Every structure is written in C-alpha cells, then in structure tokens.
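Q: Please see the structure below; I have some questions.
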Amino acid sequence: MTGYGKAEASLTGGKLTVEIRTLNGKSADINIKTSLLPKDKELMVRQKLAERLHRGTIDFFLNFEANAAGSARRINADLAAEYFRQIAEIGEGLGVKTDSALYMNTILRFPDIMDSGRQDIITEDNWIDVESAIDEAIAKVNEYRAHEGIALYSDVTGRVQNILDLEDEVESFDPERIAAIRAKIGKAIEELSLKPDQSRFEEEMIYYLEKFDINEEKVRLRQHCKYFIDTIDNEEYPGKKLGFIIQEMGREINTTGSKANHSGIQKVVVRMKDELEKIREQSMNIL
C-alpha cells in the first residue's frame with residue numbers, strides 16, 4: 001500500500017508539480033493537501049484516486065513554481081492613471097505646478113498600485129495538461145507498489161508455508177500427547193484406588209479424548225492456508241479477502257493451542273501465531 005509518485009506539467013508562467021504519497025490502510029482515505037485545485041475539479045480527482053489506487057491513506061499535493069515572468073508583480077495601470085488624474089486635478093485647483101515624474105513616483109508607492117496579478121493557475125485551458133500530470137503520478141504510484149509487491153508476495157507466502165511446516169510439527173507431537181493424556185487419567189484413577197468397568201472406562205476415555213482432538217483444526221488450517229495462496233495468486237485485488245482468511249487461520253491456531261494440553265504443541269502454536277501476526281501486518285499493504 002505504500003507508494004510514491006511525482007509528475008510535472010509546464011503551464012503558462014511556471015511549472016506545476018503533482019505529488020502523491022500513500023500509506024497502508026483498509027480503505028481509501030484521500031487527503032487533498034493543496035489550495036491550487038479548483039473546487040469543481042476536486043470531486044473528479046478524488047474519484048480518479050479512489051478508482052486507481054483503491055486503498056490506503058492517500059495524500060495529494062500540488063505545488064506551483066513560477067518563472068521570472070510569472071512571479072513578477074504587475075502595476076495596476078488603470079488605477080495608477082486614475083490616481084494621477086485626481087492628483088493633477090487637485091494640483092490644478094490649488095494652483096500647484098504639475099510635476100509628472102514626482103506624481104508618478106509617489107503613486108507607485110501606493111500599496112494597492114502593485115498588483116500581484118495572481119490568477120487561477122489551473123484553468124479549463126490548461127486542465128488537460130494538469131490531468132495528464134495527475135495520471136502520470138498515479139501510474140508511478142502503482143509502479144512503486146508493484147515493485148514493493150514482489151517482495152511482499154514472497155514474504156507472506158513464505159510465512160504461510162512456515163505455518164504449514166509448523167503444523168507438521170504439531171502432528172508429530174500428537175501420538176505422544178494422546179498417550180500422555182491416557183497415562184494421566186489412568187494414574188489419577190489408581191491414586192483414587194478405583195476399579196472402573198473396563199468397557200465403560202474405554203468409552204469415557206474416548207469421549208474425553210475427543211474433547212481434546214485437534215484433527216479438525218489441523219484440516220481446516222491447511223485448507224485456509226491453501227485458500228490464502230489461491231486467493232493471492234488468482235484475484236486482482238485480494239487484500240480484503242485475505243484479511244478474512246487470516247482471521248479464520250487465527251481461529252484454528254488459537255483453538256489448537258487451547259486444546260493441545262501439551263507444552264511442545266503450545267510452543268509451536270506460539271511460533272505459528274508470530275508468523276500469522278506478521279502476515280496480518282503485511283496484508284495491510286495488499287490491495
């Protein structure tokens with residue numbers, strides 16, 4: 001989801017720079033951080049950003065750098081002429097000899113005579129160039145994301161495989177775990193000096209062991225891992241769906257840990273949780 005793109009447009013009077021920065025996020029949170037964009041174009045730009053960048057915190061910047069001609073202040077000629085006419089008229093009425101150079105020098109010191117000449121930088125006439133620069137910046141953001149995505153894909157799929165490998169370790173502990181549970185129950189009965197009916201004892205033992213059976217969790221976790229890989233490989237924008245799959249993977253891992261009743265399995269479960277948390281963090285960067 002992290003990305004950066006920059007493009008420029010040459011406009012009359014200077015250069016317009018478009019910058020787009022994105023960070024990871026569950027939805028498109030678009031921030032227009034410029035006063036240069038006309039209000040009637042803002043909605044269109046927001047829609048363009050949402051449609052092509054999809055998710056993340058998206059910051060949009062415009063900066064205009066005026067050239068020498070564009071940055072020069074301009075004299076308001078009409079206002080200067082009106083001031084000159086009024087001053088000359090007052091001087092004539094008072095019988096003061098007209099000194100044109102002095103009058104002009106004085107008039108040019110008036111604060112409202114120097115007009116910054118600031119006009120709307122973005123207009124309908126140059127909008128096609130501005131929009132082209134925006135499209136270029138968006139394309140560069142997506143190029144940046146695609147480059148980052150190669151490493152991201154390798155990381156998350158590798159961690160899913162790590163979880164599958166750890167699940168193999170869980171299975172290797174299963175015979176030892178079942179035997180330990182049976183031995184623990186048998187020892188408790190001996191300590192109580194009980195002599196249960198052997199047939200009934202086996203039935204109760206099976207019922208008790210079924211409560212600690214984690215075979216269903218193992219099967220479902222493997223299915224979720226496969227679904228994760230299939231989704232990231234085959235869907236154009238898998239990010240949100242991967243989030244749901246990760247939740248299901250976490251549920252199976254947690255249940256395995258709570259049912260395990262075995263220190264070795266619980267240690268493996270902790271490692272699986274660590275891998276899953278890293279997958280969860282990285283999934284925020286997947287569209």
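The way I read the labels, and the way they are meant: chains A, B, ... in the order of the structure tokens, residue 1 as the first residue of every chain, and ligand 1 as the first ligand shown, with later ones counted on from there.
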Residues at most 6 Å from region 160-168 of chain A, counting only C-alpha atoms, excluding those fewer than 3 positions away in the same chain, as a PyMOL selection string?
A: chain A and resi 157+171+272
Q: Which of region 14-197 of chain A counts as alpha helix (DSSP H) under DSSP, as an MDAnalysis selection string please?
A: chainID A and resid 39:53 68:71 77:94 100:107 127:191
Q: Find the residues around region 33-46 of chain A up to 6 Å (only C-alpha atoms counted), leave out those fewer than 4 positions away in its own chain, and share them as a PyMOL selection string.
A: chain A and resi 60-62
Q: Convert the current residue selection to file output with N, CA, C and O atoms, as a PDB file, in the first residue's frame.
A:
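Result went into selection-v7.pdb, see below:
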```pdb
ATOM      1  N   PHE A  60      -2.527  13.931  -1.547  1.00  0.00           N
ATOM      2  CA  PHE A  60      -2.379  14.519  -2.889  1.00  0.00           C
ATOM      3  C   PHE A  60      -1.889  15.958  -2.744  1.00  0.00           C
ATOM      4  O   PHE A  60      -2.514  16.763  -2.049  1.00  0.00           O
ATOM      5  N   PHE A  61      -0.770  16.270  -3.398  1.00  0.00           N
ATOM      6  CA  PHE A  61      -0.169  17.602  -3.291  1.00  0.00           C
ATOM      7  C   PHE A  61      -0.024  18.234  -4.674  1.00  0.00           C
ATOM      8  O   PHE A  61       0.299  17.539  -5.650  1.00  0.00           O
ATOM      9  N   LEU A  62      -0.228  19.557  -4.736  1.00  0.00           N
ATOM     10  CA  LEU A  62       0.091  20.341  -5.925  1.00  0.00           C
ATOM     11  C   LEU A  62       0.980  21.505  -5.490  1.00  0.00           C
ATOM     12  O   LEU A  62       0.701  22.157  -4.479  1.00  0.00           O
TER      13      LEU A  62
END
```
Q: For Arg251 (chain A), find every residue with an atom within 9 Å (counting only C-alpha atoms), except residues of its own chain fewer than 5 positions away, and show them as a PyMOL selection string.
A: chain A and resi 217+221+246+256
Q: If you run DSSP over the backbone, which residues in region 48-99 of chain A end up strand (DSSP E or B)? Put them as a PyMOL selection string.
A: chain A and resi 56-66+74-75
Q: Convert the current residue selection to file output with C-alpha atoms, as a PDB file, in the first residue's frame.
A:
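Result file follows (again_32.pdb):
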```pdb
ATOM      1  CA  GLY A  56      -4.690   3.326   1.742  1.00  0.00           C
ATOM      2  CA  THR A  57      -4.143   6.793   3.156  1.00  0.00           C
ATOM      3  CA  ILE A  58      -3.640   8.862   0.002  1.00  0.00           C
ATOM      4  CA  ASP A  59      -2.121  12.352   0.241  1.00  0.00           C
ATOM      5  CA  PHE A  60      -2.379  14.519  -2.889  1.00  0.00           C
ATOM      6  CA  PHE A  61      -0.169  17.602  -3.291  1.00  0.00           C
ATOM      7  CA  LEU A  62       0.091  20.341  -5.925  1.00  0.00           C
ATOM      8  CA  ASN A  63       2.899  22.885  -5.974  1.00  0.00           C
ATOM      9  CA  PHE A  64       3.401  25.726  -8.458  1.00  0.00           C
ATOM     10  CA  GLU A  65       6.808  27.241  -9.093  1.00  0.00           C
ATOM     11  CA  ALA A  66       6.513  30.486 -11.036  1.00  0.00           C
ATOM     12  CA  ARG A  74       2.279  43.963 -12.095  1.00  0.00           C
ATOM     13  CA  ILE A  75       1.285  47.614 -11.995  1.00  0.00           C
TER      14      ILE A  75
END
```
Q: Please list as a compact mmCIF listing (two decimals) with N, CA, C and O atoms, in the first residue's frame every residue within 8 Å of Val156 (chain A), counting only C-alpha atoms and excluding residues in the same chain fewer than 4 positions away.
A:
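Output contents, as saved in selection-v3.txt:
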```
# COMPACT_ATOMS: atom_id res chain seq x y z
N LEU A 152 6.76 -8.33 -1.16
CA LEU A 152 5.66 -8.60 -0.24
C LEU A 152 5.06 -9.98 -0.47
O LEU A 152 4.79 -10.74 0.47
N VAL A 160 3.19 -18.27 5.17
CA VAL A 160 2.11 -19.27 5.14
C VAL A 160 2.71 -20.67 5.09
O VAL A 160 2.24 -21.58 5.77
N ILE A 279 2.06 -11.90 8.96
CA ILE A 279 1.24 -11.94 7.74
C ILE A 279 0.14 -10.89 7.82
O ILE A 279 -0.14 -10.18 6.84
N GLN A 282 1.54 -7.43 7.13
CA GLN A 282 1.87 -7.25 5.73
C GLN A 282 0.64 -7.19 4.84
O GLN A 282 0.64 -6.54 3.79
N SER A 283 -0.41 -7.89 5.25
CA SER A 283 -1.63 -7.91 4.43
C SER A 283 -2.26 -6.53 4.30
O SER A 283 -3.02 -6.26 3.36
```
Q: Tell me, as a list in words, which residues lie within 12 Å of region 94-104 of chain A, counting only C-alpha atoms; anything in the same chain fewer than 2 positions away does not count.
A: Ile75, Ala77, Leu79, Ala80, Ala81, Glu82, Tyr83, Phe84, Arg85, Gln86, Ile87, Ala88, Glu89, Ile90, Gly91, Glu92, Thr106, Ile107, Leu108, Arg109, Phe110 and Ile113 of chain A
Q: Ala137 (chain A): which residues within 6 Å, counting only C-alpha atoms, same-chain residues fewer than 4 positions away excluded, as a VMD selection string?
A: chain A and resid 5 to 7
Q: Just the number, please: distance in Å from CA of Arg55 (chain A) to CA of Asp274 (chain A), one decimal.
A: 25.6 Å
